[in-house]
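Note sheet for the following structure.
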Amino acid sequence: MKLKASMNSPRLSRIILSSLSFALLVATLLLSGCFGGSERIVTNYYILDYLRATERAELKLATPYNKTLEIYDTTIPRTYNRNQLVVKENFTRIKYLPNELWANRLYDSVPNLILQRIKAYNVFQRAERDLGGGSPDYFLETNLLNIERVDEDIPYAHIRIEFFMRDALTNQVIITHRADRTRPLNDPSIVYLVQVLNEIILDETDVFVAKCIDTFEGTQSHAEEPLKTLPLVKQYIQEQTQIVDETLEFGELNVPLITYSSEPMQYNILTLDESYSVVNREYGEFNLPTALRKGNYRLILDENENVTADVEILPNMRTVVTPQWCELTVVIMDESQTKVRMNYDIWRKNEDEKGFDKYNQWSSVGDDEIGVYNRIWILPAGNYMIKLQGGSWNDYRDFTTINLNQGDSKTLTVIVNPLGERTFLIGAGDLGDDDLEEGKQRIHQGAIHTNISLISDNTVDKNKPTYSFTLSGQFDNRIEADFYRFHYNMRSIYDLGMNIASDQDFKISIDDYSLKNTLLFMPFEKRKVVKNLGLYGRADMSTRLFDEFSNFSDNKNYILIKANGDTLGLYQNESSIRTKVAFFPMKLREGTGITYRFYLGPNINISLRGGYGWAQEYKKRSFVKETSNVTIQNLDYEVYKEEEDIITRGYESTLIISALNLFKTISLTSTFDVLFPMETIDKNAKFTNDNRINIKLFRNVSLDIKALLYYDQSNKTQDYLMYEYSSFLRLSLYY
């Protein structure tokens with residue numbers, strides 16, 4: 001018998017409903033388990049508390065004046081009259097801290113704090129927030145105009161407050177005190193911020209109380225004994241009145257570039273006195289606000305000092321310079337849109353006479369110059385000639401002209417044939433295309449550098465000439481990528497050299513591979529002082545790709561021994577020995593820590609790094625010859641022992657010097673590494689210095705120098721400075 005149930009069956013409907021309810025219940029329990037452990041955001045509450053330790057002894061009276069005072073609620077602007085603490089990010093922008101709150105409303109807590117201070121000094125016979133049915137002699141009104149933290153390179157607390165004491169009968173203001181005070185916050189915590197704000201309010205209340213004492217003493221009758229501490233009170237008032245808060249005397253200067261720049265550009269700031277004479281010189285950076293004391297300044301914006309601007313800095317205001325100059329970028333490329341390094345001169349049209357005057361000279365950036373950008377020229381308005389490869393303006397060869405009006409920002413794209421014999425220029429102009437400004441933007445840059453030598457000689461035997469063929473090359477690949485505030489850099493270099501000659505076997509003479517990876521995180525790029533401070537992580541490797549053999553002049557016997565002392569094998573009457581296998585020894589280096597970069601010029605920078613590092617040297621089948629031989633069955637054997645692996649970790653420090661395009665010819669990169677081992681018996685430091693120098697000679701021809709220095713204090717058998725040096729003339733092909 002078969003049972004069938006349709007979808008309309010009540011029983012089936014109940015089963016489906018129950019199943020869905022059960023599934024929903026299970027899902028709810030699972031979700032509760034998954035998200036029940038999420039961290040809860042904690043809200044902090046702060047109060048203005050009375051600080052007895054800050055009281056001033058000279059303001060305390062034994063007998064109060066026969067005066068009464070009633071203190072009104074403090075008047076606060078809507079911006080600050082809220083529970084959240086306020087942070088001012090610049091002169092006009094603020095933010096509220098959502099989880100840092102005042103426990104009480106400030107219009108109530110501030111006058112309560114002031115009242116406690118006044119009572120502590122016993123100046124008034126009675127002082128209250130509300131005297132009830134009694135009529136006071138005076139009313140105290142307070143205005144709290146600012147209460148905030150100001151975020152600068154060194155943050156500070158800021159309070160602007162006013163005290164007005166009125167006569168209750170005439171409603172006239174008897175005593176006025178205004179204060180605009182700041183104090184640096186050396187402790188970044190909110191707890192310390194609230195304490196400093198508390199101290200400032202109490203300190204300004206002290207000044208108000210001192211003015212009350214001074215005023216009341218002046219109205220006392222001659223029969224009454226004068227207050228002994230009155231001179232101290234007057235001195236205190238005078239001192240506080242003469243305080244000039246230097247923080248509030250500063251404004252900001254911003255000089256914007258019309259053209260976007262990926263690297264910092266500097267200009268000169270000359271401080272002027274009242275007679276407009278120069279009394280000081282400092283440097284500013286385009287597009288970055290610079291804090292300056294109020295006054296008059298002269299800006300020199302270009303290298304030739306032809307573009308200047310006079311500005312006045314006002315306190316608590318930002319002065320922005322309107323560009324009254326022109327900007328020009330010269331990009332030189334070949335027909336494949338590959339950037340080409342080539343010298344050029346800038347000539348400016350003489351307005352009074354015929355012809356052009358030499359303005360300046362520079363060289364464009366080549367495709368292989370990673371991290372270097374074409375220069376942005378700051379120029380006065382005029383007509384300019386750009387001439388390639390030197391010579392006078394009236395040679396009328398390899399030149400183009402461009403007219404620049406005030407406020408212009410132009411990119412002059414020059415297309416050349418780098419291999420041209422008499423002329424190089426193919427075409428030039430302002431293409432008005434932003435994506436052509438720097439040629440093809442690529443994350444990857446690659447180059448092949450080669451050196452070929454072929455020698456043949458038949459001076460010894462006419463019919464049997466000798467020959468020697470040497471080929472060496474370098475495969476250089478780089479990757480640079482920026483995303484958010486992360487900067488990634490990878491460089492892979494493989495040096496390979498081979499040689500074959502008459503009566504000799506084919507030989508690999510150079511076999512070195514290195515891979516360097518660096519990741520930087522720069523969280524403070526918008527802060528002037530600490531913008532170059534960040535975190536780094538690195539991973540480096542150096543190895544080889546082929547086996548290494550050593551040839552004997554005479555056949556020899558040798559024995560191979562592993563690092564642990566076991567014998568690998570005995571070999572007799574051999575002409576060569578394999579001392580290293582492919583990929584070994586392999587050296588690895590990792591590290592993480594803090595980095596800071598100093599810019600000494602547009603093409604020169606120094607980076608300092610410090611942190612925790614690891615180093616490993618894996619030496620599988622890497623043999624070194626022992627000093628003594630062994631005799632087995634009357635046969636002498638040379639002993640080759642496998643080197644031991646070395647693993648080290650400890651504190652590391654790195655200094656990196658990078659100087660590109662010096663004198664338009666030389667590029668230098670020098671890395672100095674120190675590793676201080678820890679968790680090992682031997683604490684001796686390990687030093688490494690990697691130097692690479694490139695001297696450009698002609699177009700794609702250059703002299704390349706590599707020098708690698710080592711010193712390991714723990715290596716007692718090689719207690720000296722070891723080095724590896726190579727140099728060769730190379731021809732480069734970029735891709």
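The chains in the structure tokens are called A, B, ... from first to last as shown; in each chain the residues are counted from 1, and the ligands are counted from 1 in the order shown.
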
Quick one: everything within 10 Å of A:Ile237, counting only C-alpha atoms, minus sequence neighbours fewer than 6 positions away in the same chain. Send it as a PyMOL selection string. chain A and resi 206-211+214+231

Can I get the selection written as a PDB file, in the first residue's frame, with C-alpha atoms?
```
ATOM      1  CA  ASP A 206      43.652  82.656  40.818  1.00  0.00           C
ATOM      2  CA  VAL A 207      44.299  85.732  38.654  1.00  0.00           C
ATOM      3  CA  PHE A 208      40.664  86.815  39.010  1.00  0.00           C
ATOM      4  CA  VAL A 209      40.862  86.415  42.815  1.00  0.00           C
ATOM      5  CA  ALA A 210      44.078  88.443  42.897  1.00  0.00           C
ATOM      6  CA  LYS A 211      42.345  91.258  41.001  1.00  0.00           C
ATOM      7  CA  ASP A 214      43.685  94.377  44.700  1.00  0.00           C
ATOM      8  CA  PRO A 231      52.698  93.513  47.173  1.00  0.00           C
TER       9      PRO A 231
END
```

Pull the strand (DSSP E) assignments for stretch 34-89 of chain A out of DSSP run on the backbone, and list those residues as a ChimeraX atom specification. /A:44-46,65-71,84-88

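Going from atom CA of A:Thr648 to atom CA of A:Met678 covers 7.8 Å.
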
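Contact shell of A:Ser622 at 9 Å (only C-alpha atoms; same-chain neighbours under 5 positions omitted): Arg578, Thr579, Lys580, Val581, Phe584, Pro585, Lys641, Glu642, Glu643 and Glu644 of chain A.
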
Identify, on the basis of only C-alpha atoms, every residue whose closest approach to stretch 315-328 of chain A does not exceed 10 Å; exclude the query and any residue fewer than 6 positions from it along the same chain; express the result as JSON, numbers by chain. {"A": [90, 91, 92, 246, 247, 248, 249, 250, 251, 252, 253, 254, 255, 256, 257, 258, 259, 287, 289, 290, 291, 292, 293, 294, 295, 299, 301, 302, 306, 307, 308, 309, 375, 376, 377, 378, 379, 380, 381, 382, 402, 404, 405, 406, 407, 408, 409, 410, 411, 412]}

Atom CA of A:Gln266 sits from atom CA of A:Leu388 at a separation of 26.6 Å

Tell me, counting only C-alpha atoms, for each residue of stretch 609-724 of chain A within 12 Å of stretch 553-563 of chain A, which pair of atoms is nearest and how far apart they are in Å to one decimal, in rows ordered by chain and increasing number, as CSV.
```
residue,atom,partner,partner_atom,distance
A:Tyr618,CA,A:Ala563,CA,11.7
A:Lys619,CA,A:Ala563,CA,9.4
A:Lys620,CA,A:Ala563,CA,9.0
A:Arg621,CA,A:Lys562,CA,7.9
A:Ser622,CA,A:Lys562,CA,9.4
A:Phe623,CA,A:Leu560,CA,7.9
A:Val624,CA,A:Leu560,CA,9.6
A:Lys625,CA,A:Leu560,CA,9.5
A:Glu626,CA,A:Ile561,CA,10.3
A:Ser628,CA,A:Tyr558,CA,11.6
A:Asn629,CA,A:Tyr558,CA,8.7
A:Val630,CA,A:Ile559,CA,8.8
A:Thr631,CA,A:Asn557,CA,10.2
A:Ile632,CA,A:Ile559,CA,10.2
A:Asn634,CA,A:Asn557,CA,11.7
A:Leu635,CA,A:Asn557,CA,7.9
A:Asp636,CA,A:Asn557,CA,6.8
A:Tyr637,CA,A:Tyr558,CA,4.5
A:Glu638,CA,A:Tyr558,CA,4.4
A:Val639,CA,A:Ile559,CA,5.1
A:Tyr640,CA,A:Leu560,CA,5.1
A:Lys641,CA,A:Ile561,CA,4.7
A:Glu642,CA,A:Ala563,CA,4.9
A:Glu643,CA,A:Ala563,CA,5.8
A:Glu644,CA,A:Ala563,CA,5.5
A:Asp645,CA,A:Ala563,CA,8.6
A:Ile646,CA,A:Ala563,CA,11.7
```

At a cut-off of 12 Å, using only C-alpha atoms, what residues contact stretch 173-176 of chain A? Leave out same-chain residues fewer than 3 positions from it and give the result as a ChimeraX atom specification. /A:137-143,161-170,179,204-205,207-216

Env of A:Ile346: 10 Å cut, atoms = only C-alpha atoms, seq-sep filter 2 positions within chain, self excluded. Answer as number ranges by chain. A: 344, 348, 356-362, 384-388, 390, 393, 399, 401

Length of the atom CA of A:Ser456 to atom CA of A:Leu496 vector [Å]: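 One can read the atom CA of A:Ser456 to atom CA of A:Leu496 distance as 22.7 Å.
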
In terms of only C-alpha atoms, the residue from A:Asp482, A:Ser653, A:Ile300, A:Asn383 at minimal distance from A:Glu351 is A:Asn383

Name the residues in contact with A:Asp673 at a cut-off of 9 Å, using only C-alpha atoms, excluding same-chain residues fewer than 2 positions from it; report them as a list in words.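 Neighbouring residues, sequence-local ones excluded: Glu652, Ser653, Thr654, Leu655, Ile656, Thr671, Leu675, Lys686, Phe687, Thr688, Asn689 and Asp690 of chain A.
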
Can I get the selection written as an mmCIF file, in the first residue's frame, with C-alpha atoms?
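Output (again32.cif):
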```cif
data_model
loop_
_atom_site.group_PDB
_atom_site.id
_atom_site.type_symbol
_atom_site.label_atom_id
_atom_site.label_comp_id
_atom_site.auth_asym_id
_atom_site.auth_seq_id
_atom_site.Cartn_x
_atom_site.Cartn_y
_atom_site.Cartn_z
ATOM 1 C CA GLU A 652 69.139 44.947 14.016
ATOM 2 C CA SER A 653 70.031 48.424 12.836
ATOM 3 C CA THR A 654 70.218 49.557 9.225
ATOM 4 C CA LEU A 655 71.508 52.705 7.540
ATOM 5 C CA ILE A 656 70.598 53.202 3.861
ATOM 6 C CA THR A 671 73.269 49.695 2.851
ATOM 7 C CA LEU A 675 72.779 42.488 13.770
ATOM 8 C CA LYS A 686 77.606 40.894 12.568
ATOM 9 C CA PHE A 687 78.291 43.724 10.102
ATOM 10 C CA THR A 688 77.349 43.839 6.402
ATOM 11 C CA ASN A 689 77.875 46.698 3.958
ATOM 12 C CA ASP A 690 76.417 46.413 0.433
#
```
